[in-house]
Structure formats: structure tokens, C-alpha cells
$ cat run39.csv   # CSV, C-alpha atoms
chain,number,residue,atom,x,y,z
A,110,MET,CA,7.1,-19.2,20.2
A,111,THR,CA,8.9,-21.1,17.6
A,112,GLY,CA,12.5,-20.5,16.4
A,113,VAL,CA,11.3,-19.1,13.1
A,114,GLN,CA,9.2,-16.5,14.9
A,115,LEU,CA,12.0,-15.6,17.2
A,116,ALA,CA,14.3,-15.2,14.2
A,117,ALA,CA,11.8,-13.0,12.4
A,118,LEU,CA,11.4,-10.8,15.6
A,119,ILE,CA,15.2,-10.4,15.9
A,120,LEU,CA,15.5,-9.6,12.1
A,121,VAL,CA,12.8,-6.9,12.5
A,122,ALA,CA,14.6,-5.4,15.5
A,123,VAL,CA,18.0,-5.4,13.7
A,124,THR,CA,16.7,-3.9,10.4
A,125,ALA,CA,14.6,-1.3,12.2
A,126,THR,CA,17.7,-0.2,14.1
A,127,VAL,CA,19.6,0.0,10.8
A,128,VAL,CA,16.9,2.2,9.3
A,129,VAL,CA,17.2,4.6,12.2
A,130,LEU,CA,21.0,4.6,12.1
A,131,THR,CA,21.2,5.2,8.3
A,132,PRO,CA,22.2,8.9,8.0
A,133,ASP,CA,21.4,9.6,4.4
A,134,ALA,CA,17.7,9.9,3.6
A,135,LEU,CA,18.1,8.4,0.1
A,136,ARG,CA,19.7,5.3,1.5
A,137,GLN,CA,17.2,5.2,4.3
A,138,ALA,CA,14.4,4.9,1.8
A,139,LEU,CA,16.0,1.7,0.4
A,140,VAL,CA,16.9,0.3,3.8
A,141,LEU,CA,13.2,0.9,4.7
A,142,GLY,CA,12.3,-1.5,1.9
A,143,ILE,CA,14.4,-4.2,3.5
A,144,PHE,CA,12.9,-3.5,6.9
A,145,GLY,CA,9.5,-3.9,5.2
A,146,LEU,CA,10.5,-7.4,3.9
A,147,ALA,CA,11.5,-8.3,7.5
A,148,LEU,CA,8.1,-7.2,8.7
A,149,THR,CA,6.4,-9.2,6.0
A,150,LEU,CA,8.3,-12.3,7.2
A,151,LEU,CA,7.3,-11.5,10.8
A,152,PHE,CA,3.6,-11.2,9.8
A,153,PHE,CA,3.8,-14.4,7.8
A,154,THR,CA,5.5,-16.4,10.6
A,155,PHE,CA,2.8,-15.1,13.1
A,156,GLN,CA,0.1,-16.4,10.8
A,157,ALA,CA,-1.2,-13.1,9.5
A,158,PRO,CA,-0.9,-13.7,5.7
A,159,ASP,CA,-3.5,-11.0,5.0
A,160,VAL,CA,-1.3,-8.3,6.5
A,161,ALA,CA,1.9,-9.9,5.0
A,162,LEU,CA,0.4,-9.6,1.5
A,163,SER,CA,-0.3,-5.9,1.8
A,164,GLU,CA,2.9,-5.2,3.7
A,165,ILE,CA,5.1,-6.8,1.0
A,166,VAL,CA,3.9,-4.4,-1.8
A,167,VAL,CA,3.4,-1.3,0.3
A,168,SER,CA,6.8,-1.5,2.0
A,169,THR,CA,9.0,-2.7,-0.7
A,170,VAL,CA,7.5,-0.8,-3.7
A,171,GLY,CA,4.9,1.7,-2.7
A,172,LEU,CA,6.5,3.6,0.2
A,173,PRO,CA,10.1,3.7,-0.9
A,174,LEU,CA,9.0,4.9,-4.4
A,175,ILE,CA,6.9,7.8,-3.0
A,176,ILE,CA,9.7,8.7,-0.5
A,177,LEU,CA,12.3,8.7,-3.3
A,178,LEU,CA,10.2,10.9,-5.6
A,179,ALA,CA,9.3,13.3,-2.8
A,180,LEU,CA,13.0,13.6,-1.8
A,181,ARG,CA,13.9,14.4,-5.4
A,182,LYS,CA,11.2,17.0,-5.5
A,183,ILE,CA,12.4,18.6,-2.3
A,184,GLY,CA,16.0,18.6,-3.6
A,185,GLU,CA,14.9,20.3,-6.8
A,186,GLN,CA,13.0,23.0,-5.0
A,187,GLU,CA,15.9,23.7,-2.7
A,188,ARG,CA,18.3,23.9,-5.7
A,189,SER,CA,16.0,26.4,-7.5
A,190,ARG,CA,15.7,28.4,-4.3
A,191,GLU,CA,19.4,28.6,-4.0
A,192,GLN,CA,19.7,29.7,-7.6
A,193,GLN,CA,17.2,32.4,-7.0
A,194,GLU,CA,19.1,33.6,-4.0
A,195,ASP,CA,22.3,33.7,-6.0
A,196,GLU,CA,20.7,35.8,-8.6
B,136,MET,CA,20.3,20.2,18.6
B,137,SER,CA,23.8,18.8,18.7
B,138,ARG,CA,24.5,15.1,18.5
B,139,ARG,CA,25.7,15.1,22.1
B,140,THR,CA,22.5,16.6,23.5
B,141,ARG,CA,20.4,14.2,21.6
B,142,LEU,CA,22.4,11.2,22.9
B,143,ALA,CA,22.1,12.6,26.4
B,144,MET,CA,18.4,12.9,26.0
B,145,PHE,CA,18.2,9.4,24.7
B,146,ALA,CA,20.2,8.1,27.7
B,147,ILE,CA,17.4,9.4,30.0
B,148,ALA,CA,14.4,8.7,27.8
B,149,GLY,CA,15.5,5.3,26.5
B,150,PRO,CA,15.7,3.5,29.9
B,151,GLY,CA,12.5,5.3,31.0
B,152,LEU,CA,10.6,3.9,28.0
B,153,ALA,CA,12.1,0.5,28.7
B,154,VAL,CA,10.9,0.6,32.3
B,155,VAL,CA,7.4,1.7,31.3
B,156,MET,CA,7.2,-1.0,28.7
B,157,LEU,CA,8.4,-3.7,31.1
B,158,ILE,CA,5.7,-2.6,33.6
B,159,GLY,CA,3.1,-2.6,30.9
B,160,MET,CA,4.2,-6.1,29.6
B,161,HIS,CA,4.3,-7.6,33.0
B,162,GLY,CA,0.6,-8.4,33.3
B,163,MET,CA,0.1,-9.5,29.7
B,164,PRO,CA,-1.2,-13.0,28.9
B,165,ALA,CA,1.5,-15.5,27.9
B,166,PHE,CA,2.6,-15.8,24.3
B,167,GLY,CA,-0.1,-17.4,22.2
B,168,HIS,CA,-2.8,-17.3,24.9
B,169,TYR,CA,-5.7,-15.4,23.5
B,170,HIS,CA,-8.4,-14.2,26.0
B,171,GLY,CA,-10.6,-12.1,23.7
B,172,VAL,CA,-14.2,-13.2,23.3
B,173,TYR,CA,-14.8,-11.3,20.0
B,174,GLY,CA,-12.2,-13.3,18.0
B,175,LEU,CA,-13.4,-16.6,19.2
B,176,LEU,CA,-17.0,-15.7,18.5
B,177,ILE,CA,-16.2,-14.5,15.0
B,178,ASP,CA,-14.2,-17.7,14.4
B,179,LYS,CA,-17.2,-19.8,15.4
B,180,ILE,CA,-19.9,-18.0,13.4
B,181,GLU,CA,-18.1,-17.0,10.3
B,182,VAL,CA,-18.4,-20.1,8.3
B,183,PRO,CA,-22.0,-21.2,9.3
B,184,GLU,CA,-23.4,-17.6,9.2
B,185,ARG,CA,-21.4,-15.9,6.5
B,186,HIS,CA,-20.1,-18.9,4.4
B,187,ALA,CA,-16.7,-17.2,4.1
B,188,THR,CA,-13.6,-19.3,4.8
B,189,ASP,CA,-11.3,-16.3,5.4
B,190,LEU,CA,-12.0,-14.7,8.7
B,191,VAL,CA,-10.3,-11.4,7.9
B,192,THR,CA,-12.3,-10.8,4.8
B,193,ALA,CA,-15.5,-11.7,6.6
B,194,LEU,CA,-14.7,-9.1,9.2
B,195,ASN,CA,-13.7,-6.4,6.7
B,196,PHE,CA,-16.4,-6.8,4.1
B,197,ASP,CA,-19.4,-8.0,6.1
B,198,ILE,CA,-19.3,-8.1,9.9
B,199,ARG,CA,-17.6,-4.7,10.2
B,200,ALA,CA,-18.2,-3.5,6.6
B,201,PHE,CA,-19.0,0.0,7.8
B,202,ASP,CA,-15.4,0.4,9.1
B,203,THR,CA,-14.1,-0.5,5.7
B,204,LEU,CA,-16.3,2.2,4.2
B,205,GLY,CA,-14.5,4.8,6.4
B,206,GLU,CA,-11.1,3.4,5.6
B,207,GLU,CA,-11.9,3.5,1.9
B,208,PHE,CA,-12.8,7.1,2.0
B,209,ILE,CA,-9.7,8.0,4.0
B,210,LEU,CA,-7.7,6.5,1.2
B,211,PHE,CA,-9.8,8.3,-1.4
B,212,ALA,CA,-9.6,11.7,0.3
B,213,SER,CA,-5.8,11.5,0.8
B,214,VAL,CA,-5.2,10.5,-2.8
B,215,ALA,CA,-7.4,13.3,-3.9
B,216,GLY,CA,-5.4,15.7,-1.7
B,217,VAL,CA,-2.1,14.5,-3.2
B,218,ALA,CA,-3.4,14.8,-6.7
B,219,LEU,CA,-4.7,18.3,-6.0
B,220,LEU,CA,-1.4,19.5,-4.6
B,221,LEU,CA,0.8,18.1,-7.3
B,222,ARG,CA,-1.4,19.1,-10.2
B,223,LYS,CA,-1.5,22.7,-9.2
B,224,LEU,CA,2.3,22.8,-9.2
B,225,ARG,CA,2.4,21.1,-12.6
B,226,HIS,CA,0.3,23.8,-14.3
B,227,GLU,CA,2.5,26.4,-12.9
B,228,ARG,CA,5.6,25.3,-14.8
B,229,GLU,CA,4.8,22.7,-17.3
B,230,GLY,CA,4.5,24.9,-20.3
B,231,LYS,CA,8.0,26.1,-20.4
B,232,ARG,CA,10.1,22.9,-20.0
B,233,SER,CA,8.3,19.9,-21.4
B,234,ARG,CA,10.2,19.4,-24.7
B,235,GLY,CA,11.7,16.0,-25.4
B,236,ILE,CA,9.7,14.0,-22.9
B,237,GLU,CA,8.6,11.5,-25.5
B,238,ASP,CA,12.1,10.0,-25.5
B,239,HIS,CA,12.1,9.2,-21.8
B,240,SER,CA,13.5,5.9,-20.8
B,241,PHE,CA,15.5,4.7,-17.9
B,242,ALA,CA,19.2,5.3,-18.6
B,243,GLY,CA,20.5,2.6,-16.3
B,244,ALA,CA,18.1,-0.3,-17.0
B,245,SER,CA,20.0,-3.3,-18.4
B,246,ALA,CA,18.4,-5.6,-20.9
B,247,GLY,CA,18.0,-8.3,-18.3
B,248,LEU,CA,16.2,-6.1,-15.9
B,249,GLN,CA,13.9,-4.9,-18.6
B,250,LEU,CA,13.0,-8.4,-19.7
B,251,ALA,CA,12.5,-9.6,-16.1
B,252,SER,CA,10.3,-6.6,-15.4
B,253,LEU,CA,8.2,-7.2,-18.5
B,254,TYR,CA,7.7,-10.8,-17.5
B,255,LEU,CA,6.5,-9.6,-14.1
B,256,VAL,CA,3.7,-7.5,-15.6
B,257,PRO,CA,1.2,-10.2,-16.6
B,258,LEU,CA,2.1,-12.3,-13.6
B,259,LEU,CA,1.5,-9.5,-11.1
B,260,ILE,CA,-1.8,-8.6,-12.8
B,261,ALA,CA,-3.0,-12.2,-12.7
B,262,LEU,CA,-2.0,-12.7,-9.1
B,263,GLY,CA,-3.7,-9.4,-8.2
B,264,CYS,CA,-7.0,-10.5,-9.8
B,265,TYR,CA,-6.7,-13.9,-8.1
B,266,ILE,CA,-6.3,-12.4,-4.7
B,267,VAL,CA,-9.1,-9.9,-5.2
B,268,VAL,CA,-11.7,-12.4,-6.3
B,269,HIS,CA,-10.7,-15.1,-3.8
B,270,GLY,CA,-10.9,-12.7,-0.9
B,271,ALA,CA,-13.6,-14.6,0.9
B,272,LEU,CA,-11.9,-17.9,0.4
B,273,THR,CA,-8.2,-17.5,1.1
B,274,PRO,CA,-6.0,-14.8,2.7
B,275,GLY,CA,-6.2,-11.6,0.8
B,276,GLY,CA,-9.0,-9.5,-0.5
B,277,GLY,CA,-9.6,-6.1,-2.1
B,278,PHE,CA,-6.8,-4.2,-0.5
B,279,GLN,CA,-4.1,-6.8,-0.8
B,280,GLY,CA,-5.1,-7.8,-4.4
B,281,GLY,CA,-5.6,-4.1,-5.4
B,282,ILE,CA,-2.1,-3.2,-4.4
B,283,VAL,CA,-0.5,-6.2,-6.2
B,284,LEU,CA,-2.6,-5.1,-9.2
B,285,ALA,CA,-1.2,-1.6,-8.9
B,286,ALA,CA,2.3,-3.0,-8.9
B,287,GLY,CA,1.7,-4.6,-12.3
B,288,PRO,CA,1.9,-1.5,-14.5
B,289,LEU,CA,4.7,-0.2,-12.2
B,290,ALA,CA,6.9,-3.0,-13.5
B,291,ILE,CA,6.8,-1.4,-16.9
B,292,LEU,CA,8.4,1.7,-15.4
B,293,LEU,CA,11.2,-0.6,-14.1
B,294,ALA,CA,11.6,-1.8,-17.6
B,295,GLY,CA,12.3,1.9,-18.4
B,296,ARG,CA,9.1,2.7,-20.3
B,297,TYR,CA,7.1,5.2,-18.5
B,298,PHE,CA,5.0,6.1,-21.5
B,299,ALA,CA,4.1,2.5,-22.1
B,300,MET,CA,3.0,2.3,-18.5
B,301,LYS,CA,0.8,5.4,-19.1
B,302,ARG,CA,-0.7,3.7,-22.1
B,303,LEU,CA,-1.5,0.5,-20.2
B,304,ALA,CA,-2.9,2.6,-17.3
B,305,PRO,CA,-3.9,6.0,-18.6
B,306,GLU,CA,-4.8,8.6,-16.1
B,307,TRP,CA,-8.6,8.7,-16.9
B,308,MET,CA,-8.7,4.9,-16.4
B,309,LEU,CA,-7.0,5.1,-13.0
B,310,GLU,CA,-9.3,7.9,-11.8
B,311,ALA,CA,-12.4,6.1,-13.1
B,312,SER,CA,-11.2,2.9,-11.4
B,313,GLU,CA,-10.7,4.7,-8.1
B,314,ALA,CA,-14.0,6.6,-8.2
B,315,ILE,CA,-16.0,3.5,-9.4
B,316,GLY,CA,-14.5,1.5,-6.6
B,317,ALA,CA,-15.3,4.0,-3.9
B,318,ALA,CA,-18.7,4.8,-5.1
B,319,GLY,CA,-19.4,1.1,-5.8
B,320,TYR,CA,-18.7,0.1,-2.2
B,321,ALA,CA,-21.0,2.9,-0.9
B,322,LEU,CA,-23.7,1.9,-3.4
B,323,ILE,CA,-23.5,-1.8,-2.3
B,324,GLY,CA,-24.3,-0.5,1.1
B,325,VAL,CA,-27.3,1.4,-0.2
B,326,ALA,CA,-28.5,-1.8,-1.9
B,327,GLY,CA,-28.3,-3.5,1.5
B,328,LEU,CA,-30.3,-0.6,3.0
B,329,ILE,CA,-33.1,-1.0,0.3
B,330,ILE,CA,-33.2,-4.8,0.1
B,331,ALA,CA,-32.2,-6.0,3.5
B,332,GLY,CA,-33.2,-2.9,5.5
B,333,VAL,CA,-29.8,-2.1,7.0
B,334,TYR,CA,-26.9,-0.2,5.4
B,335,LEU,CA,-24.2,-2.6,4.2
B,336,LYS,CA,-26.2,-5.7,5.3
B,337,ASN,CA,-25.7,-8.7,3.1
B,338,PHE,CA,-28.6,-9.0,0.6
B,339,LEU,CA,-27.2,-11.7,-1.7
B,340,PRO,CA,-27.6,-15.5,-1.4
B,341,LEU,CA,-24.7,-16.9,0.7
B,342,GLY,CA,-24.0,-19.9,-1.6
B,343,THR,CA,-21.8,-22.9,-0.8
B,344,PRO,CA,-18.8,-22.2,1.5
B,345,ALA,CA,-15.4,-22.3,-0.3
B,346,MET,CA,-17.0,-21.8,-3.8
B,347,LEU,CA,-15.8,-18.8,-5.8
B,348,LEU,CA,-19.3,-17.2,-5.8
B,349,SER,CA,-20.2,-17.5,-2.1
B,350,ALA,CA,-20.3,-15.4,1.0
B,351,GLY,CA,-23.0,-13.1,-0.3
B,352,MET,CA,-21.8,-9.6,-1.1
B,353,MET,CA,-18.2,-10.1,0.0
B,354,PRO,CA,-16.8,-10.9,-3.5
B,355,ILE,CA,-18.5,-7.7,-4.9
B,356,ASN,CA,-17.2,-5.6,-2.0
B,357,SER,CA,-13.8,-7.1,-2.5
B,358,VAL,CA,-13.8,-6.2,-6.2
B,359,ALA,CA,-14.9,-2.6,-5.4
B,360,VAL,CA,-12.2,-2.1,-2.9
B,361,GLY,CA,-9.7,-3.7,-5.3
B,362,LEU,CA,-10.6,-1.2,-8.0
B,363,GLU,CA,-10.3,1.7,-5.6
B,364,VAL,CA,-6.9,0.6,-4.2
B,365,THR,CA,-5.4,-0.1,-7.6
B,366,GLY,CA,-6.6,3.3,-8.9
B,367,ALA,CA,-5.5,5.2,-5.7
B,368,PHE,CA,-1.9,3.9,-5.7
B,369,LEU,CA,-1.4,4.3,-9.4
B,370,VAL,CA,-2.8,7.8,-9.3
B,371,VAL,CA,-0.3,8.8,-6.6
B,372,TRP,CA,2.6,7.2,-8.3
B,373,THR,CA,1.7,8.7,-11.7
B,374,GLU,CA,1.2,12.1,-10.2
B,375,PHE,CA,4.6,12.0,-8.5
B,376,LEU,CA,6.3,10.6,-11.6
B,377,ASP,CA,4.7,13.2,-13.8
B,378,GLN,CA,6.2,15.8,-11.5
B,379,GLU,CA,9.6,14.2,-11.8
B,380,LEU,CA,9.6,13.7,-15.5
B,381,PHE,CA,7.6,16.5,-17.0
B,382,VAL,CA,8.1,19.4,-14.7
B,383,GLU,CA,11.3,21.5,-14.8
B,384,ARG,CA,13.6,19.1,-16.7
B,385,GLY,CA,12.3,18.4,-20.1
B,386,THR,CA,14.7,15.7,-21.2
B,387,GLY,CA,13.5,13.3,-18.5
B,388,GLY,CA,15.5,12.2,-15.5
B,389,ASP,CA,18.3,9.7,-15.7
B,390,ASN,CA,17.4,8.8,-12.1
B,391,ALA,CA,13.7,8.9,-11.5

$ encode --input "run39.csv" --output "C-alpha cells"
Amino acid sequence: MTGVQLAALILVAVTATVVVLTPDALRQALVLGIFGLALTLLFFTFQAPDVALSEIVVSTVGLPLIILLALRKIGEQERSREQQEDE
Amino acid sequence: MSRRTRLAMFAIAGPGLAVVMLIGMHGMPAFGHYHGVYGLLIDKIEVPERHATDLVTALNFDIRAFDTLGEEFILFASVAGVALLLRKLRHEREGKRSRGIEDHSFAGASAGLQLASLYLVPLLIALGCYIVVHGALTPGGGFQGGIVLAAGPLAILLAGRYFAMKRLAPEWMLEASEAIGAAGYALIGVAGLIIAGVYLKNFLPLGTPAMLLSAGMMPINSVAVGLEVTGAFLVVWTEFLDQELFVERGTGGDNA
């Protein structure tokens, strides 16, 4: 195992822990993107460029965007439900 | 469950998991020592028998092409499910609150961000096309290139112009791209069945290794998967964004 690979592994472990420890779901979605970048680096250093290529777009753009939009949708629904209950 | 209970449970489960993993990892081959026969075999036959220089693409689009068919239809079905769910919601409320949506633009996007995003659009599309057509030669292929392609129009959204994004990639085009990609892959399989006698068996000349048009049907498969993946991701994003921007709040979100 080379030093670069070791560094990538440690980076993944650290960022993954940060994702778990982030309390707010909105921030978590953004930290998840950084974790995805770390994973991309890991795949690249372990000579899997095919996986790295898909991971970089899926994890930094695709997944956080879908999570953010879904979170907003859920928030809206909860707000409208509260309004209905108030009325 | 309170925080304390959860931590207590973790204190028991964490070490337990660690022990199980240590036992499991104990008998593993040393780092970098590969003992599988399959991988070595593929590595040996892929260039002489398939004329593809990228092992992963040769696996995905030829040697185990049937698996890819399944994966493609998993993606297709899940995207269709998302679209179905979100569209039904839209019809329920769209009528009432969709005034003023034509003005939508990102409130917070600075001029620099907008310019950088617009520069990204052609670059991403060119890179995506490159990765799709060179699937059999260099790392990449239909899925990887397709998702880079899908990120291209998305950069217009970053520049704050959702309607321009919808003009570049209108919904009918995305749906057509996804459907043609999925159907195309299945039909290439049928062509293999008719010409070569086995479903998804290569029926095209293999060409010279490392040339753009080589490796038989792999480039066509790659293009079909690329079309499907591009369409699929953009359909999901557009459906979600339509939900955000058109439903309920007519003036468009300042934070989408």
C-alpha cells in the first residue's frame, strides 16, 4: 500500500465520520458531497478510474441535489400540515 | 430513543462489530494479492478476443452484457417511479399557484458564478460525449459519460437560469433519450439473437484494437446506455425542480 492510498483511506474514514456526526440534515447533504470527493480520490488511487468517474458526479452533484430538493419538499409538506392543524 | 441509550447501545454494538470484522479480515489475502481466476482470465482474453482495451467496459457491455441489461432497467424503472410519484402531486396543486414562474432565477448567484457555470456547460457536454464513445478504449463508458453529460445542462441551473436549462434539455427530449437508450440496448441484444444466435452476443466486426470503431457492439451499447443515463438523471432532477419551483410557491424559490 502506498502513502497516497493510505492517505485516501484515512480521508474517507474522517469524512465519513463527519457525515455521521453532522446533526443538521441540510448540512449533512453538503458534507456528503465532500465525502463523495474523498471516495473518488480513494477509487482513483486504488486504480479504479471507471468507478471514480461515476462517483465524482453522482456524489458531488447528483445525490446532494436530490437530497436537498427532497428535504425542501418534506419541509414544505410539514409546514402546510401545521398550518392546516392551526386552522 | 434518548442520546444516552443510543450511546450505550453503540458501546456494546461497536466493539462487537469490530471483533467480527477483525475475525473476518484475519484470513484475507495480503494487500494487493489477488487470487481470483476470473479476473486474470478476463485480463488475458479481453484484448485478443474482444479487441477492447478497457477491461471494465468489455465486462459490462460484452462478456456480462446481460447483467447490464438488468441494471439498465432497474434505473429505468426507478426513474419512472419517481416521475410517476412527483407528477401526480403536481397536477393536484399546480393550477392555483403557478403565476410568475417565468421570472425565476437564482437570487444568490453572483456574476462570476454564472459565467463560470456557463463555461462549464460545453466542456461538460464535450467530456461526456468523449467518455461515452471511448468506453471500449479508456476508462469510462455509457454510465460514466452519461452522468457527466447530464451534469452539463445542470450547470445552467447553477447560472440561475432554470428555464434556459429546460430549453436546452426539454422534458420530451429527456424522456425520449431515456426510452431510446433503454430500448436500444435491449434491441441490440435482439440483433445479436437474430444474427449471432445468442441474445446480446457480439455480431459486429471487432476491428483493430484501440481504434475508435472497434470492439464490435461495445461502442453502440455504450452510446445506448449513455443516452439512457443522461435522460434518467435529468428526468429525476427536472421532476424535483419542477416540484420546487412550480408547485405551491409561484414566485420561484430564492433557495432551490

$ closest_residue --input "run39.csv" --among "B:Ala317, B:Ile177, B:Leu255, B:Ile147" --to "B:Val364" --atoms "all atoms listed in the file"
B:Ala317

$ closest_atom_pairs --input "run39.csv" --of "chain B" --to "chain A" --cutoff "7 Å" --atoms "all atoms listed in the file" --output "JSON lines"
{"residue": "B:Phe166", "atom": "CA", "partner": "A:Met110", "partner_atom": "CA", "distance": 7.0}
{"residue": "B:Pro274", "atom": "CA", "partner": "A:Asp159", "partner_atom": "CA", "distance": 5.1}
{"residue": "B:Gly275", "atom": "CA", "partner": "A:Asp159", "partner_atom": "CA", "distance": 5.0}
{"residue": "B:Gln279", "atom": "CA", "partner": "A:Ser163", "partner_atom": "CA", "distance": 4.7}
{"residue": "B:Ile282", "atom": "CA", "partner": "A:Val166", "partner_atom": "CA", "distance": 6.6}
{"residue": "B:Val283", "atom": "CA", "partner": "A:Val166", "partner_atom": "CA", "distance": 6.5}
{"residue": "B:Trp372", "atom": "CA", "partner": "A:Ile175", "partner_atom": "CA", "distance": 6.9}
{"residue": "B:Phe375", "atom": "CA", "partner": "A:Leu178", "partner_atom": "CA", "distance": 6.4}

$ residues_around --input "run39.csv" --residues "B:Ile315" --least-positions-apart "5" --cutoff "12 Å" --atoms "only C-alpha atoms" --output "PyMOL selection string"
chain B and resi 211+307-310+320-323+356+358-367

$ write_last_selection --input "run39.csv" --atoms "C-alpha atoms" --output "PDB file, keeping the file's coordinate frame"
ATOM      1  CA  PHE B 211      -9.800   8.300  -1.400  1.00  0.00           C
ATOM      2  CA  TRP B 307      -8.600   8.700 -16.900  1.00  0.00           C
ATOM      3  CA  MET B 308      -8.700   4.900 -16.400  1.00  0.00           C
ATOM      4  CA  LEU B 309      -7.000   5.100 -13.000  1.00  0.00           C
ATOM      5  CA  GLU B 310      -9.300   7.900 -11.800  1.00  0.00           C
ATOM      6  CA  TYR B 320     -18.700   0.100  -2.200  1.00  0.00           C
ATOM      7  CA  ALA B 321     -21.000   2.900  -0.900  1.00  0.00           C
ATOM      8  CA  LEU B 322     -23.700   1.900  -3.400  1.00  0.00           C
ATOM      9  CA  ILE B 323     -23.500  -1.800  -2.300  1.00  0.00           C
ATOM     10  CA  ASN B 356     -17.200  -5.600  -2.000  1.00  0.00           C
ATOM     11  CA  VAL B 358     -13.800  -6.200  -6.200  1.00  0.00           C
ATOM     12  CA  ALA B 359     -14.900  -2.600  -5.400  1.00  0.00           C
ATOM     13  CA  VAL B 360     -12.200  -2.100  -2.900  1.00  0.00           C
ATOM     14  CA  GLY B 361      -9.700  -3.700  -5.300  1.00  0.00           C
ATOM     15  CA  LEU B 362     -10.600  -1.200  -8.000  1.00  0.00           C
ATOM     16  CA  GLU B 363     -10.300   1.700  -5.600  1.00  0.00           C
ATOM     17  CA  VAL B 364      -6.900   0.600  -4.200  1.00  0.00           C
ATOM     18  CA  THR B 365      -5.400  -0.100  -7.600  1.00  0.00           C
ATOM     19  CA  GLY B 366      -6.600   3.300  -8.900  1.00  0.00           C
ATOM     20  CA  ALA B 367      -5.500   5.200  -5.700  1.00  0.00           C
TER      21      ALA B 367
END

$ residues_around --input "run39.csv" --residues "A:Ala125" --least-positions-apart "4" --cutoff "8 Å" --atoms "all atoms listed in the file" --output "PyMOL selection string"
chain A and resi 121+129+141+144

$ atom_distance --input "run39.csv" --atom1 "atom CA of A:Ala122" --atom2 "atom CA of A:Ala147"
9.1 Å

$ residues_near_point --input "run39.csv" --point "(-6.5, -10.3, -6.1)" --cutoff "7 Å" --atoms "only C-alpha atoms" --output "count of residues only"
13

$ atom_distance --input "run39.csv" --atom1 "atom CA of B:His186" --atom2 "atom CA of B:Thr203"
19.4 Å
